[in-house]
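Source file: my_file00.txt (compact mmCIF, C-alpha atoms)
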```txt
# COMPACT_ATOMS: atom_id res chain seq x y z
CA MET A 291 -5.88 -51.09 23.95
CA ASN A 292 -7.64 -48.16 25.64
CA LEU A 293 -9.55 -47.48 22.41
CA ILE A 294 -11.07 -49.86 19.87
CA LEU A 295 -9.61 -48.17 16.81
CA LEU A 296 -11.77 -48.72 13.75
CA ASP A 297 -10.72 -48.68 10.15
CA PRO A 298 -13.36 -46.94 8.00
CA ASN A 299 -13.82 -50.31 6.27
CA ASP A 300 -15.09 -51.74 9.57
CA LEU A 301 -18.20 -49.56 9.30
CA THR A 302 -21.28 -51.01 7.64
CA ALA A 303 -23.80 -49.06 5.58
CA ASP A 304 -26.46 -49.33 8.28
CA GLY A 305 -24.36 -47.76 11.06
CA HIS A 306 -22.89 -50.89 12.62
CA VAL A 307 -19.30 -52.07 13.06
CA CYS A 308 -17.88 -55.47 12.11
CA ILE A 309 -14.34 -56.39 13.22
CA THR A 310 -12.74 -59.56 11.84
CA ASP A 311 -8.96 -59.24 12.30
CA PRO A 312 -7.44 -61.68 14.84
CA ARG A 313 -5.42 -59.11 16.84
CA ARG A 314 -8.36 -56.97 17.90
CA LEU A 315 -10.62 -59.98 18.41
CA THR A 316 -8.06 -61.61 20.69
CA HIS A 317 -7.68 -58.38 22.64
CA LEU A 318 -11.42 -58.03 23.09
CA ARG A 319 -11.72 -61.58 24.40
CA GLU A 320 -8.56 -62.03 26.45
CA VAL A 321 -7.71 -58.53 27.70
CA HIS A 322 -11.00 -56.65 27.81
CA ARG A 323 -12.87 -59.91 28.53
CA SER A 324 -15.74 -58.33 26.63
CA ALA A 325 -19.19 -59.83 26.33
CA PRO A 326 -22.32 -58.88 24.40
CA GLY A 327 -23.98 -55.95 26.10
CA ASP A 328 -20.71 -54.15 26.95
CA LEU A 329 -20.44 -50.48 25.97
CA LEU A 330 -16.91 -49.83 24.71
CA THR A 331 -14.93 -46.76 23.66
CA VAL A 332 -14.29 -46.71 19.90
CA GLY A 333 -12.81 -44.30 17.40
CA VAL A 334 -12.59 -44.16 13.63
CA GLN A 335 -9.18 -43.53 12.08
CA GLY A 336 -9.06 -39.90 10.99
CA SER A 337 -12.35 -39.04 12.69
CA ASN A 338 -14.06 -38.85 16.08
CA MET A 339 -14.39 -41.15 19.07
CA GLY A 340 -17.44 -42.35 20.94
CA LYS A 341 -19.23 -45.44 22.24
CA ALA A 342 -20.39 -48.67 20.65
CA LEU A 343 -22.52 -51.48 22.07
CA LEU A 344 -21.08 -54.96 21.57
CA LYS A 345 -23.84 -57.13 20.12
CA GLU A 346 -21.92 -60.26 19.14
CA LEU A 347 -18.43 -61.66 19.82
CA THR A 348 -17.24 -64.91 18.25
CA PRO A 349 -13.77 -66.20 17.26
CA GLU A 350 -14.53 -64.93 13.75
CA ARG A 351 -16.01 -61.47 14.33
CA ALA A 352 -17.13 -58.74 16.72
CA PHE A 353 -20.32 -56.91 15.83
CA PHE A 354 -21.13 -53.50 17.36
CA GLN A 355 -23.93 -51.00 17.22
CA LEU A 356 -22.57 -47.44 17.19
CA GLU A 357 -24.06 -45.24 19.91
CA ALA A 358 -22.29 -41.95 19.09
CA LEU A 359 -19.12 -40.59 17.52
CA ASN A 360 -19.02 -37.02 18.81
CA GLU A 361 -15.79 -36.81 20.81
CA PRO A 362 -12.81 -35.24 18.99
CA PRO A 363 -9.36 -36.77 19.41
CA PRO A 364 -6.83 -35.07 21.72
CA PRO A 365 -4.88 -32.16 20.20
CA PRO A 366 -1.57 -33.00 18.53
CA LEU A 367 1.79 -31.73 19.70
CA PRO A 368 3.09 -28.81 17.60
CA VAL A 369 6.23 -30.70 16.61
CA HIS A 370 7.81 -32.39 13.63
CA LEU A 371 10.20 -35.04 14.96
CA VAL A 372 13.33 -35.78 12.94
CA LEU A 373 14.84 -38.94 14.36
CA ALA A 374 18.07 -40.57 13.27
CA LEU A 375 17.02 -44.12 12.42
CA PRO A 376 17.48 -46.25 15.57
CA ARG A 377 18.01 -49.98 15.85
CA PRO A 378 14.94 -51.85 14.56
CA ARG A 379 13.73 -53.05 17.94
CA MET A 380 14.11 -49.59 19.42
CA LEU A 381 12.39 -48.06 16.37
CA ALA A 382 9.24 -50.08 17.04
CA ARG A 383 9.01 -48.93 20.66
CA THR A 384 9.87 -45.34 19.82
CA LEU A 385 7.20 -45.07 17.12
CA GLU A 386 4.58 -46.33 19.57
CA HIS A 387 5.73 -43.97 22.33
CA VAL A 388 5.85 -40.78 20.25
CA THR A 389 2.52 -41.59 18.61
CA ALA A 390 0.96 -42.01 22.05
CA LEU A 391 2.39 -38.63 23.07
CA GLY A 392 0.76 -36.87 20.12
CA VAL A 393 3.50 -36.48 17.50
CA LYS A 394 1.92 -36.32 14.03
CA GLU A 395 4.92 -35.71 11.76
CA ILE A 396 7.97 -37.99 11.87
CA THR A 397 11.03 -38.10 9.63
CA LEU A 398 13.45 -41.02 9.98
CA LEU A 399 16.90 -39.79 8.96
CA HIS A 400 20.18 -41.40 7.98
CA THR A 401 23.22 -39.98 9.75
CA LYS A 402 26.87 -41.02 9.94
CA ARG A 403 26.41 -43.23 12.99
CA VAL A 404 23.31 -45.01 11.68
CA GLU A 405 24.13 -48.52 10.49
CA LYS A 406 23.23 -48.84 6.82
CA SER A 407 21.80 -52.30 7.51
CA TYR A 408 19.01 -50.72 9.59
CA TRP A 409 17.40 -49.48 6.38
CA GLN A 410 16.88 -53.08 5.28
CA SER A 411 14.92 -53.99 8.40
CA PRO A 412 11.39 -55.41 8.03
CA GLU A 413 10.37 -52.84 10.67
CA LEU A 414 10.56 -50.19 7.93
CA ARG A 415 7.94 -51.86 5.77
CA ALA A 416 4.90 -49.67 5.45
CA GLU A 417 2.61 -52.24 7.06
CA LYS A 418 4.92 -52.66 10.08
CA ILE A 419 5.21 -48.91 10.63
CA HIS A 420 1.44 -48.62 10.31
CA GLN A 421 0.94 -51.31 12.95
CA HIS A 422 3.19 -49.54 15.46
CA LEU A 423 1.36 -46.26 14.87
CA LEU A 424 -1.98 -47.98 15.48
CA LEU A 425 -0.71 -49.39 18.78
CA GLY A 426 0.33 -45.91 19.88
CA LEU A 427 -3.07 -44.48 18.99
CA GLU A 428 -4.90 -47.25 20.82
CA GLN A 429 -2.81 -46.66 23.92
CA ALA A 430 -3.47 -42.90 23.99
CA ARG A 431 -7.10 -42.87 22.78
CA ASP A 432 -6.32 -41.00 19.60
CA THR A 433 -7.51 -41.47 16.02
CA GLN A 434 -5.18 -39.27 13.94
CA LEU A 435 -2.38 -41.27 12.32
CA PRO A 436 1.05 -39.64 12.07
CA THR A 437 2.84 -39.35 8.77
CA VAL A 438 6.26 -41.03 8.56
CA THR A 439 8.85 -39.99 5.98
CA LEU A 440 12.08 -41.88 5.27
CA SER A 441 15.11 -39.70 4.49
CA LYS A 442 18.06 -41.92 3.60
CA GLY A 443 20.69 -39.21 3.03
CA PHE A 444 21.80 -36.53 5.48
CA ARG A 445 23.09 -34.06 2.91
CA PRO A 446 19.94 -34.21 0.71
CA PHE A 447 17.86 -33.72 3.87
CA LEU A 448 20.03 -30.76 4.83
CA GLU A 449 19.83 -29.10 1.44
CA GLN A 450 16.38 -30.04 0.16
CA GLN A 451 14.11 -30.65 3.16
CA LEU A 452 15.45 -28.76 6.16
CA PRO A 453 14.93 -25.21 4.80
CA GLY A 454 11.23 -25.88 4.24
CA LEU A 455 10.83 -27.56 7.62
CA LEU A 456 12.38 -24.55 9.34
CA GLY A 457 10.24 -22.09 7.41
CA ASN A 458 7.66 -21.73 10.17
CA ARG A 459 9.19 -23.80 12.99
CA ARG A 460 11.78 -23.34 15.71
CA GLY A 461 14.56 -25.84 15.10
CA LEU A 462 16.00 -27.60 18.15
CA VAL A 463 18.89 -30.08 17.99
CA ALA A 464 19.19 -32.38 20.99
CA HIS A 465 22.88 -33.23 21.47
CA PRO A 466 25.11 -33.83 24.51
CA GLY A 467 27.49 -30.99 25.29
CA MET A 468 25.37 -28.17 23.90
CA PRO A 469 25.56 -25.04 26.11
CA ALA A 470 21.80 -24.49 26.50
CA PRO A 471 19.45 -26.79 28.40
CA CYS A 472 16.24 -28.09 26.87
CA PRO A 473 13.57 -25.36 27.10
CA ARG A 474 10.35 -26.13 28.91
CA ASN A 475 6.68 -25.74 28.14
CA ILE A 476 6.96 -24.08 24.75
CA SER A 477 3.92 -23.85 22.49
CA GLU A 478 5.35 -22.68 19.18
CA PRO A 479 5.67 -24.98 16.14
CA THR A 480 8.92 -26.89 16.57
CA LEU A 481 11.29 -29.04 14.56
CA LEU A 482 12.99 -31.44 16.99
CA LEU A 483 16.08 -33.27 15.73
CA VAL A 484 17.40 -36.24 17.72
CA GLY A 485 20.54 -38.14 16.78
CA PRO A 486 21.33 -41.86 16.97
CA GLU A 487 22.97 -43.69 19.85
CA GLY A 488 26.38 -42.08 19.97
CA GLY A 489 24.90 -38.78 18.79
CA PHE A 490 25.37 -36.71 15.68
CA ILE A 491 28.96 -36.28 14.51
CA ALA A 492 30.47 -32.81 14.93
CA TRP A 493 30.05 -31.93 11.24
CA GLU A 494 26.36 -32.79 11.32
CA VAL A 495 25.80 -30.62 14.40
CA GLU A 496 27.69 -27.75 12.77
CA GLN A 497 25.58 -27.98 9.62
CA LEU A 498 22.31 -28.06 11.56
CA LEU A 499 23.29 -25.05 13.64
CA THR A 500 24.44 -23.16 10.55
CA ALA A 501 21.05 -23.87 8.95
CA GLY A 502 19.32 -22.06 11.82
CA CYS A 503 18.72 -24.71 14.48
CA GLU A 504 19.46 -24.22 18.17
CA GLY A 505 21.50 -26.73 20.13
CA MET A 506 20.31 -28.01 23.52
CA HIS A 507 20.99 -30.77 26.02
CA LEU A 508 19.09 -32.89 28.54
CA GLY A 509 21.76 -32.80 31.22
CA PRO A 510 24.86 -34.88 31.97
CA ARG A 511 23.22 -38.29 31.57
CA ILE A 512 23.45 -40.15 28.27
CA LEU A 513 20.07 -41.71 27.54
CA ARG A 514 18.82 -44.33 25.12
CA VAL A 515 17.05 -42.84 22.12
CA GLU A 516 13.55 -43.94 23.15
CA THR A 517 14.07 -42.51 26.66
CA ALA A 518 15.60 -39.28 25.37
CA VAL A 519 12.79 -38.64 22.90
CA THR A 520 10.11 -39.19 25.55
CA ALA A 521 11.93 -36.91 28.01
CA LEU A 522 12.40 -34.19 25.37
CA LEU A 523 8.76 -34.17 24.35
CA SER A 524 7.62 -34.11 27.97
CA ARG A 525 9.83 -31.12 28.78
CA LEU A 526 9.16 -29.18 25.63
CA PHE A 527 5.37 -29.52 25.59
```

In structure tokens, what does this structure look like?
Amino acid sequence: MNLILLDPNDLTADGHVCITDPRRLTHLREVHRSAPGDLLTVGVQGSNMGKALLKELTPERAFFQLEALNEPPPPPLPVHLVLALPRPRMLARTLEHVTALGVKEITLLHTKRVEKSYWQSPELRAEKIHQHLLLGLEQARDTQLPTVTLSKGFRPFLEQQLPGLLGNRRGLVAHPGMPAPCPRNISEPTLLLVGPEGGFIAWEVEQLLTAGCEGMHLGPRILRVETAVTALLSRLF
């Protein structure tokens, strides 16, 4: 936790902060080893970052006095990530990683090689997704939560969502065997589509390319989804 991320409800009317949830309290005590008098970096979800003076720390609460909130969060990446729904354990790590890297728009997509049982995972509950996003923000010192959309059908996504997403973005499909390598250091708004382990099926790739996307590859190595997504974002931006 490189940032004490505050929910707006943590703020009191007189300009103080009161934290009561066990996760952050445990982190303050056992990882930060904080004590009254420490000046810590804080940020309010959806707003700025700054400093707060720890006045009290007990097993039940942490009480801060805000010093300033005048530092803006880091700029987001100009990308909407469309990710074929990975295995639940990998989904948790991937959400944290891409949030830390600055992705603010995420669509989780069903494709042919996605197991239907993945959509029943507790990791897709709104509160679990929210928790993973918070962890990514805390790691990267960011305050702007991404939006996550669930798209459970490939054809409806193709026909109803993709045209709008491509309206003002460059569409890039990451898939082994594509003739073009991943471009580097682009700055334009981008729609990045990443398949599941095993990749998109040939029909899905054909439909995405026909819709106006460009195919690309990361080289001869076949990577796990979480590794591939991190590598793609690092090269692209």

Find the residue from A:Val369, A:Val388, A:Leu398, A:Ile419 that sits nearest to A:Thr517; use all atoms listed in the file when measuring. A:Val388

Contacts of stretch 349-363 of chain A at 8 Å (all atoms listed in the file; same-chain gap of 2+ positions) as an MDAnalysis selection string: chainID A and resid 305:312 315 333 337:347 365 431:434

Kindly save the residues from that selection, with C-alpha atoms included, as a PDB file, keeping the file's coordinate frame.
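Once written, out35.pdb looks like this:
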```pdb
ATOM      1  CA  GLY A 305     -24.360 -47.760  11.060  1.00  0.00           C
ATOM      2  CA  HIS A 306     -22.890 -50.890  12.620  1.00  0.00           C
ATOM      3  CA  VAL A 307     -19.300 -52.070  13.060  1.00  0.00           C
ATOM      4  CA  CYS A 308     -17.880 -55.470  12.110  1.00  0.00           C
ATOM      5  CA  ILE A 309     -14.340 -56.390  13.220  1.00  0.00           C
ATOM      6  CA  THR A 310     -12.740 -59.560  11.840  1.00  0.00           C
ATOM      7  CA  ASP A 311      -8.960 -59.240  12.300  1.00  0.00           C
ATOM      8  CA  PRO A 312      -7.440 -61.680  14.840  1.00  0.00           C
ATOM      9  CA  LEU A 315     -10.620 -59.980  18.410  1.00  0.00           C
ATOM     10  CA  GLY A 333     -12.810 -44.300  17.400  1.00  0.00           C
ATOM     11  CA  SER A 337     -12.350 -39.040  12.690  1.00  0.00           C
ATOM     12  CA  ASN A 338     -14.060 -38.850  16.080  1.00  0.00           C
ATOM     13  CA  MET A 339     -14.390 -41.150  19.070  1.00  0.00           C
ATOM     14  CA  GLY A 340     -17.440 -42.350  20.940  1.00  0.00           C
ATOM     15  CA  LYS A 341     -19.230 -45.440  22.240  1.00  0.00           C
ATOM     16  CA  ALA A 342     -20.390 -48.670  20.650  1.00  0.00           C
ATOM     17  CA  LEU A 343     -22.520 -51.480  22.070  1.00  0.00           C
ATOM     18  CA  LEU A 344     -21.080 -54.960  21.570  1.00  0.00           C
ATOM     19  CA  LYS A 345     -23.840 -57.130  20.120  1.00  0.00           C
ATOM     20  CA  GLU A 346     -21.920 -60.260  19.140  1.00  0.00           C
ATOM     21  CA  LEU A 347     -18.430 -61.660  19.820  1.00  0.00           C
ATOM     22  CA  PRO A 365      -4.880 -32.160  20.200  1.00  0.00           C
ATOM     23  CA  ARG A 431      -7.100 -42.870  22.780  1.00  0.00           C
ATOM     24  CA  ASP A 432      -6.320 -41.000  19.600  1.00  0.00           C
ATOM     25  CA  THR A 433      -7.510 -41.470  16.020  1.00  0.00           C
ATOM     26  CA  GLN A 434      -5.180 -39.270  13.940  1.00  0.00           C
TER      27      GLN A 434
END
```

Per residue of stretch 481-518 of chain A within 8 Å of stretch 461-464 of chain A, record the nearest atom pair and its distance in Å to one decimal, counting all atoms listed in the file, with rows in chain order and ascending residue number, as CSV.
```
residue,atom,partner,partner_atom,distance
A:Leu481,CA,A:Gly461,CA,4.6
A:Leu482,CA,A:Leu462,CA,5.0
A:Leu483,CA,A:Val463,CA,4.8
A:Val484,CA,A:Ala464,CA,5.4
A:Gly485,CA,A:Ala464,CA,7.3
A:Val495,CA,A:Val463,CA,7.8
A:Leu498,CA,A:Val463,CA,7.6
A:Leu499,CA,A:Val463,CA,8.0
A:Gly502,CA,A:Gly461,CA,6.9
A:Cys503,CA,A:Gly461,CA,4.4
A:Glu504,CA,A:Leu462,CA,4.8
A:Gly505,CA,A:Val463,CA,4.8
A:Met506,CA,A:Ala464,CA,5.2
A:His507,CA,A:Ala464,CA,5.6
A:Leu508,CA,A:Ala464,CA,7.6
```

Please compute the atom CA of A:Leu385-atom CA of A:Ser524 distance, one decimal, in Å.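 For atom CA of A:Leu385 relative to atom CA of A:Ser524, the distance reads 15.4 Å.
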
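For the residues A:Met468, A:Leu330, A:Ala303, A:Leu522, ranking by smallest atom-to-atom distance to A:Phe490 using only C-alpha atoms places A:Met468 first.
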
9 Å contact set for A:Glu413, all atoms listed in the file, chain neighbours under 3 positions out, as a PyMOL selection string: chain A and resi 378-379+381-382+408-410+416-419

Got time to write the residues from that selection, C-alpha atoms, as a PDB file, in the frame of the given file?
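The new file part-v3.pdb reads:
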```
ATOM      1  CA  PRO A 378      14.940 -51.850  14.560  1.00  0.00           C
ATOM      2  CA  ARG A 379      13.730 -53.050  17.940  1.00  0.00           C
ATOM      3  CA  LEU A 381      12.390 -48.060  16.370  1.00  0.00           C
ATOM      4  CA  ALA A 382       9.240 -50.080  17.040  1.00  0.00           C
ATOM      5  CA  TYR A 408      19.010 -50.720   9.590  1.00  0.00           C
ATOM      6  CA  TRP A 409      17.400 -49.480   6.380  1.00  0.00           C
ATOM      7  CA  GLN A 410      16.880 -53.080   5.280  1.00  0.00           C
ATOM      8  CA  ALA A 416       4.900 -49.670   5.450  1.00  0.00           C
ATOM      9  CA  GLU A 417       2.610 -52.240   7.060  1.00  0.00           C
ATOM     10  CA  LYS A 418       4.920 -52.660  10.080  1.00  0.00           C
ATOM     11  CA  ILE A 419       5.210 -48.910  10.630  1.00  0.00           C
TER      12      ILE A 419
END
```

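Checking A:His422, A:Glu395, A:Gly467, A:Lys402 one by one against A:Thr437, counting all atoms listed in the file, you find the shortest gap at A:Glu395.
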
Residue nearest A:Pro510 among A:Ile491, A:His465, A:Ile294, A:Thr480 (counting all atoms listed in the file):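 Using all atoms listed in the file, the shortest distance to A:Pro510 belongs to A:His465.
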
When you count only C-alpha atoms, which of these residues is closest to A:Val404: A:Ala390, A:Ala521, A:Leu373, A:Leu526?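 Of A:Ala390, A:Ala521, A:Leu373, A:Leu526, the one nearest A:Val404 is A:Leu373, counting only C-alpha atoms.
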
Kindly give the distance, in Å, that separates atom CA of A:Glu496 and atom CA of A:Leu399, rounded to a single decimal.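 Distance between the two atoms: 16.6 Å.
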
Could you tell me which of A:Trp493, A:Leu513, A:Leu414, A:Ala501 comes closest to A:Gly457 if we count all atoms listed in the file? A:Ala501

What separation in Å, quoted to one decimal, exists between atom CA of A:Phe527 and atom CA of A:Ala470?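 So the two atoms, atom CA of A:Phe527 and atom CA of A:Ala470, lie 17.2 Å apart.
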
Mind checking which residues fall within 8 Å of A:Pro473, counting all atoms listed in the file, ignoring those fewer than 2 positions away in the same chain, and posting them as an MDAnalysis selection string? chainID A and resid 471 475:476 525:526

Would you kindly return, as a VMD selection string, each protein, DNA or RNA residue with an atom no farther than 7 Å from any atom of A:Glu516, considering all atoms listed in the file and excluding same-chain residues fewer than 2 positions away? chain A and resid 380 384 514 518 to 520

Given the point (-3.0, -39.3, 13.5) in the coordinates of this file, which residues lie within 9 Å, counting only C-alpha atoms, and how would they look as an NGL selection string? :A and (335-336 or 366 or 389 or 392-395 or 423-424 or 427 or 432-437)

If we count only C-alpha atoms, what is near A:Met291 at a cut-off of 8 Å, once residues fewer than 4 positions away on the same chain are taken out, given as a VMD selection string? chain A and resid 317 425 428 to 429

May I have the selected residues written with C-alpha atoms, as a compact mmCIF listing (two decimals), in the coordinates of the input?
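Heads up, here's the output in out_13.txt:
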```txt
# COMPACT_ATOMS: atom_id res chain seq x y z
CA HIS A 317 -7.68 -58.38 22.64
CA LEU A 425 -0.71 -49.39 18.78
CA GLU A 428 -4.90 -47.25 20.82
CA GLN A 429 -2.81 -46.66 23.92
```

What would stretch 401-426 of chain A look like with N, CA, C and O atoms restored, written as a JSON list (two decimals), keeping the file's coordinate frame?
```
[["chain", "number", "residue", "atom", "x", "y", "z"],
["A", 401, "THR", "N", 22.07, -40.79, 9.35],
["A", 401, "THR", "CA", 23.22, -39.98, 9.75],
["A", 401, "THR", "C", 24.46, -40.88, 9.76],
["A", 401, "THR", "O", 24.37, -42.10, 9.55],
["A", 402, "LYS", "N", 25.60, -40.28, 10.03],
["A", 402, "LYS", "CA", 26.87, -41.02, 9.94],
["A", 402, "LYS", "C", 26.89, -42.24, 10.83],
["A", 402, "LYS", "O", 27.41, -43.30, 10.44],
["A", 403, "ARG", "N", 26.33, -42.14, 12.03],
["A", 403, "ARG", "CA", 26.41, -43.23, 12.99],
["A", 403, "ARG", "C", 25.22, -44.19, 12.90],
["A", 403, "ARG", "O", 25.07, -45.06, 13.76],
["A", 404, "VAL", "N", 24.39, -44.04, 11.91],
["A", 404, "VAL", "CA", 23.31, -45.01, 11.68],
["A", 404, "VAL", "C", 23.84, -46.15, 10.82],
["A", 404, "VAL", "O", 24.40, -45.91, 9.74],
["A", 405, "GLU", "N", 23.69, -47.37, 11.29],
["A", 405, "GLU", "CA", 24.13, -48.52, 10.49],
["A", 405, "GLU", "C", 23.28, -48.63, 9.22],
["A", 405, "GLU", "O", 22.05, -48.59, 9.27],
["A", 406, "LYS", "N", 23.95, -48.76, 8.08],
["A", 406, "LYS", "CA", 23.23, -48.84, 6.82],
["A", 406, "LYS", "C", 22.29, -50.05, 6.78],
["A", 406, "LYS", "O", 21.25, -50.02, 6.11],
["A", 407, "SER", "N", 22.64, -51.10, 7.52],
["A", 407, "SER", "CA", 21.80, -52.30, 7.51],
["A", 407, "SER", "C", 20.43, -52.04, 8.12],
["A", 407, "SER", "O", 19.47, -52.78, 7.84],
["A", 408, "TYR", "N", 20.31, -51.00, 8.97],
["A", 408, "TYR", "CA", 19.01, -50.72, 9.59],
["A", 408, "TYR", "C", 17.94, -50.41, 8.54],
["A", 408, "TYR", "O", 16.76, -50.67, 8.76],
["A", 409, "TRP", "N", 18.36, -49.85, 7.41],
["A", 409, "TRP", "CA", 17.40, -49.48, 6.38],
["A", 409, "TRP", "C", 16.82, -50.69, 5.66],
["A", 409, "TRP", "O", 15.85, -50.56, 4.91],
["A", 410, "GLN", "N", 17.40, -51.86, 5.89],
["A", 410, "GLN", "CA", 16.88, -53.08, 5.28],
["A", 410, "GLN", "C", 15.94, -53.83, 6.22],
["A", 410, "GLN", "O", 15.43, -54.89, 5.87],
["A", 411, "SER", "N", 15.71, -53.28, 7.40],
["A", 411, "SER", "CA", 14.92, -53.99, 8.40],
["A", 411, "SER", "C", 13.46, -54.13, 7.97],
["A", 411, "SER", "O", 12.87, -53.20, 7.42],
["A", 412, "PRO", "N", 12.83, -55.27, 8.27],
["A", 412, "PRO", "CA", 11.39, -55.41, 8.03],
["A", 412, "PRO", "C", 10.55, -54.40, 8.81],
["A", 412, "PRO", "O", 9.41, -54.13, 8.42],
["A", 413, "GLU", "N", 11.11, -53.84, 9.89],
["A", 413, "GLU", "CA", 10.37, -52.84, 10.67],
["A", 413, "GLU", "C", 10.08, -51.57, 9.87],
["A", 413, "GLU", "O", 9.23, -50.77, 10.27],
["A", 414, "LEU", "N", 10.79, -51.38, 8.76],
["A", 414, "LEU", "CA", 10.56, -50.19, 7.93],
["A", 414, "LEU", "C", 9.55, -50.44, 6.82],
["A", 414, "LEU", "O", 9.27, -49.52, 6.04],
["A", 415, "ARG", "N", 9.02, -51.64, 6.73],
["A", 415, "ARG", "CA", 7.94, -51.86, 5.77],
["A", 415, "ARG", "C", 6.73, -51.05, 6.17],
["A", 415, "ARG", "O", 6.44, -50.87, 7.36],
["A", 416, "ALA", "N", 6.02, -50.57, 5.17],
["A", 416, "ALA", "CA", 4.90, -49.67, 5.45],
["A", 416, "ALA", "C", 3.88, -50.30, 6.39],
["A", 416, "ALA", "O", 3.36, -49.64, 7.30],
["A", 417, "GLU", "N", 3.61, -51.60, 6.21],
["A", 417, "GLU", "CA", 2.61, -52.24, 7.06],
["A", 417, "GLU", "C", 3.07, -52.37, 8.50],
["A", 417, "GLU", "O", 2.27, -52.28, 9.44],
["A", 418, "LYS", "N", 4.39, -52.56, 8.72],
["A", 418, "LYS", "CA", 4.92, -52.66, 10.08],
["A", 418, "LYS", "C", 4.88, -51.30, 10.77],
["A", 418, "LYS", "O", 4.50, -51.20, 11.94],
["A", 419, "ILE", "N", 5.29, -50.25, 10.06],
["A", 419, "ILE", "CA", 5.21, -48.91, 10.63],
["A", 419, "ILE", "C", 3.76, -48.58, 10.99],
["A", 419, "ILE", "O", 3.47, -48.06, 12.07],
["A", 420, "HIS", "N", 2.86, -48.89, 10.08],
["A", 420, "HIS", "CA", 1.44, -48.62, 10.31],
["A", 420, "HIS", "C", 0.95, -49.32, 11.57],
["A", 420, "HIS", "O", 0.20, -48.73, 12.38],
["A", 421, "GLN", "N", 1.38, -50.55, 11.78],
["A", 421, "GLN", "CA", 0.94, -51.31, 12.95],
["A", 421, "GLN", "C", 1.42, -50.65, 14.24],
["A", 421, "GLN", "O", 0.67, -50.56, 15.22],
["A", 422, "HIS", "N", 2.67, -50.18, 14.26],
["A", 422, "HIS", "CA", 3.19, -49.54, 15.46],
["A", 422, "HIS", "C", 2.46, -48.21, 15.73],
["A", 422, "HIS", "O", 2.20, -47.86, 16.89],
["A", 423, "LEU", "N", 2.12, -47.50, 14.68],
["A", 423, "LEU", "CA", 1.36, -46.26, 14.87],
["A", 423, "LEU", "C", -0.02, -46.55, 15.45],
["A", 423, "LEU", "O", -0.50, -45.83, 16.33],
["A", 424, "LEU", "N", -0.66, -47.61, 14.96],
["A", 424, "LEU", "CA", -1.98, -47.98, 15.48],
["A", 424, "LEU", "C", -1.90, -48.32, 16.97],
["A", 424, "LEU", "O", -2.77, -47.92, 17.75],
["A", 425, "LEU", "N", -0.86, -49.04, 17.37],
["A", 425, "LEU", "CA", -0.71, -49.39, 18.78],
["A", 425, "LEU", "C", -0.55, -48.15, 19.65],
["A", 425, "LEU", "O", -1.09, -48.07, 20.76],
["A", 426, "GLY", "N", 0.19, -47.15, 19.15],
["A", 426, "GLY", "CA", 0.33, -45.91, 19.88],
["A", 426, "GLY", "C", -0.98, -45.16, 20.01],
["A", 426, "GLY", "O", -1.29, -44.60, 21.08]]
```
